Amino acid sequence: MRTHRQLFTQLLGQTSPAPLSLEVEYARGVYMYTPEGDNVIDIISGVSASNLGHSHPKIVSAVKEQAEKYMHLMVYGEIIQSPQVQLAECVLSLLPESISSLFLVNSGSEAVEGALKLAKRVTGRPKIISTHNAYHGSTHGALSVLGNDYFKNNYQPLLPDVHFINYNNTKDLEEIDANTACVIIEPIQSEAGIIIGDTSYLQALREKCTETGTLLIFDEVQNGFGRTGKMFGHEHSGVVPDIICFAKGLGGGMPIGAFAASKEHMDNFTHNPVLGHITTFGGHPVSSAAALACVHELVENSSIIDDIPQKEKLFRELLLSHPKVQSIRGKGLFMAVELDSKESVQKLIQTALKNGVLTDYFLFCETHFRIAPPLIITENEIREACTRLHKALDEL
């Protein structure tokens, strides 16, 4: 009989020549457990997705309760479903008043696709601006605004009239003009290795978009729902976008995405043409119930987000004490740890896994590894993770 490991390699589509191939029997909190009973501390949260850890009891309960009521009923937007309505009310209550309508989809890439379409529909303009080293997803539209040619060249042609500017470079904002439908940007760049948007830059970007009638899209797929020490990444600058994209941390471990805008803008999808944006499983009731439980927990248990600065400080102190760590940058539990080379990072990821820690690299920053654990990680668990990382670093 073939093992799960063999079946994984032979039957499933692969994303790289050498996947991590960690086999997980079950997961709880910040730990993943192998079939042999070993535990691995997860310090990447499924790439900023499992913000409340694995198998959070309130999320599991919400999933079970909703699954017993109903699952998929009809394509998104036709039937009133309580989990969707409650989720929209909850999320929108946390956002600026100008953002008053939520469109539910299945993933971050889909949220970006919907946001780009909405910007074109509202403005009637063709031009899109993104930033170098931006990651916005892997579908054709999202890939078109991804700021790295290596990941795009073999899939050309992509969307036309997409232009790229340098992140945190105010001079480049002159590229935004009366022909620009939107600028899509992360308040804190993720795959570039956690680059924080300067407040002055994001404010100047907002002013330029307002001046030219360009819609500003914030991609908060990795920034959102507590990851950076605030509920949303844009709160650090106080800049309000026209459209905002969510996924990952919204779902509490279930697949869901969303983009939000004003009701006036969003209603453009209802006519000319009708069904301007559609999705069969968008806002699946079980995923929506899980997301609602996740957001409620973040809101009601305010210490989860309030304690993040102290946890960030502890990670920094413990990791910077190792001589092979060159620097750490980031915000909240969203950090990039610098080593001396790409080779050291690749070796560290493998060595850390052998020592019981799951970490990861960044797509566009080869000399740093990722720290983005579940927000519920305790100080003792941080110390344990860093002890294991120190051992892995010693072995480099």
# chains A, B, ... in the order shown; residues from 1 in each chain; ligands from 1

$ closest_atom_pairs --of "stretch 226-248 of chain A" --to "stretch 331-353 of chain A" --cutoff "12 Å" --atoms "only C-alpha atoms" --output "Markdown table"
| residue | atom | partner | partner_atom | distance |
| --- | --- | --- | --- | --- |
| A:Gly226 | CA | A:Gly332 | CA | 8.4 |
| A:Arg227 | CA | A:Leu333 | CA | 5.8 |
| A:Thr228 | CA | A:Gly332 | CA | 4.2 |
| A:Gly229 | CA | A:Gly332 | CA | 4.7 |
| A:Lys230 | CA | A:Gly332 | CA | 8.2 |
| A:Met231 | CA | A:Gly332 | CA | 10.9 |
| A:Phe232 | CA | A:Gly332 | CA | 11.4 |
| A:Gly233 | CA | A:Lys331 | CA | 9.3 |
| A:His236 | CA | A:Lys331 | CA | 9.8 |

$ residues_around --residues "stretch 241-252 of chain A" --least-positions-apart "2" --cutoff "6 Å" --atoms "only C-alpha atoms" --output "ChimeraX atom specification"
/A:49-51,107-108,111,215-221,225,254-261,291,294

$ residues_around --residues "A:Ser138" --least-positions-apart "5" --cutoff "12 Å" --atoms "only C-alpha atoms" --output "PyMOL selection string"
chain A and resi 15+107-113+143-148+151-152+155+158

$ write_last_selection --atoms "N, CA and C atoms" --output "mmCIF file, in the first residue's frame"
data_model
loop_
_atom_site.group_PDB
_atom_site.id
_atom_site.type_symbol
_atom_site.label_atom_id
_atom_site.label_comp_id
_atom_site.auth_asym_id
_atom_site.auth_seq_id
_atom_site.Cartn_x
_atom_site.Cartn_y
_atom_site.Cartn_z
ATOM 1 N N THR A 15 3.493 22.502 -6.190
ATOM 2 C CA THR A 15 3.796 23.921 -6.401
ATOM 3 C C THR A 15 5.289 24.210 -6.455
ATOM 4 N N SER A 107 -11.283 33.656 -1.796
ATOM 5 C CA SER A 107 -9.845 33.738 -1.541
ATOM 6 C C SER A 107 -9.345 35.158 -1.741
ATOM 7 N N GLY A 108 -8.068 35.368 -1.401
ATOM 8 C CA GLY A 108 -7.462 36.674 -1.613
ATOM 9 C C GLY A 108 -7.318 37.030 -3.071
ATOM 10 N N SER A 109 -6.924 36.065 -3.890
ATOM 11 C CA SER A 109 -6.814 36.332 -5.332
ATOM 12 C C SER A 109 -8.146 36.771 -5.903
ATOM 13 N N GLU A 110 -9.228 36.109 -5.479
ATOM 14 C CA GLU A 110 -10.552 36.485 -5.975
ATOM 15 C C GLU A 110 -10.958 37.869 -5.491
ATOM 16 N N ALA A 111 -10.573 38.200 -4.269
ATOM 17 C CA ALA A 111 -10.876 39.539 -3.762
ATOM 18 C C ALA A 111 -10.184 40.593 -4.610
ATOM 19 N N VAL A 112 -8.936 40.351 -4.967
ATOM 20 C CA VAL A 112 -8.190 41.280 -5.813
ATOM 21 C C VAL A 112 -8.824 41.375 -7.197
ATOM 22 N N GLU A 113 -9.202 40.233 -7.766
ATOM 23 C CA GLU A 113 -9.865 40.246 -9.075
ATOM 24 C C GLU A 113 -11.121 41.122 -9.041
ATOM 25 N N LEU A 143 -2.140 38.172 -10.925
ATOM 26 C CA LEU A 143 -0.768 37.996 -11.386
ATOM 27 C C LEU A 143 -0.313 39.209 -12.190
ATOM 28 N N SER A 144 -1.235 39.828 -12.893
ATOM 29 C CA SER A 144 -0.898 41.001 -13.694
ATOM 30 C C SER A 144 -0.378 42.149 -12.840
ATOM 31 N N VAL A 145 -0.850 42.251 -11.588
ATOM 32 C CA VAL A 145 -0.417 43.341 -10.704
ATOM 33 C C VAL A 145 0.635 42.879 -9.705
ATOM 34 N N LEU A 146 1.140 41.667 -9.885
ATOM 35 C CA LEU A 146 2.242 41.170 -9.069
ATOM 36 C C LEU A 146 3.536 41.806 -9.560
ATOM 37 N N GLY A 147 4.327 42.315 -8.639
ATOM 38 C CA GLY A 147 5.468 43.135 -9.028
ATOM 39 C C GLY A 147 6.779 42.404 -9.161
ATOM 40 N N ASN A 148 6.764 41.252 -9.851
ATOM 41 C CA ASN A 148 8.000 40.508 -10.052
ATOM 42 C C ASN A 148 7.891 39.710 -11.349
ATOM 43 N N PHE A 151 7.836 35.501 -11.817
ATOM 44 C CA PHE A 151 6.621 34.720 -11.608
ATOM 45 C C PHE A 151 5.577 34.942 -12.705
ATOM 46 N N LYS A 152 5.846 35.892 -13.623
ATOM 47 C CA LYS A 152 4.846 36.247 -14.631
ATOM 48 C C LYS A 152 5.234 35.904 -16.058
ATOM 49 N N TYR A 155 3.570 33.348 -18.345
ATOM 50 C CA TYR A 155 2.108 33.393 -18.450
ATOM 51 C C TYR A 155 1.610 34.586 -19.251
ATOM 52 N N LEU A 158 -0.672 39.089 -20.057
ATOM 53 C CA LEU A 158 -1.574 39.302 -18.935
ATOM 54 C C LEU A 158 -2.381 40.577 -19.202
#

$ select_by_dssp --residues "stretch 356-392 of chain A" --states "alpha helix (DSSP H)" --output "number ranges by chain"
A: 379-392
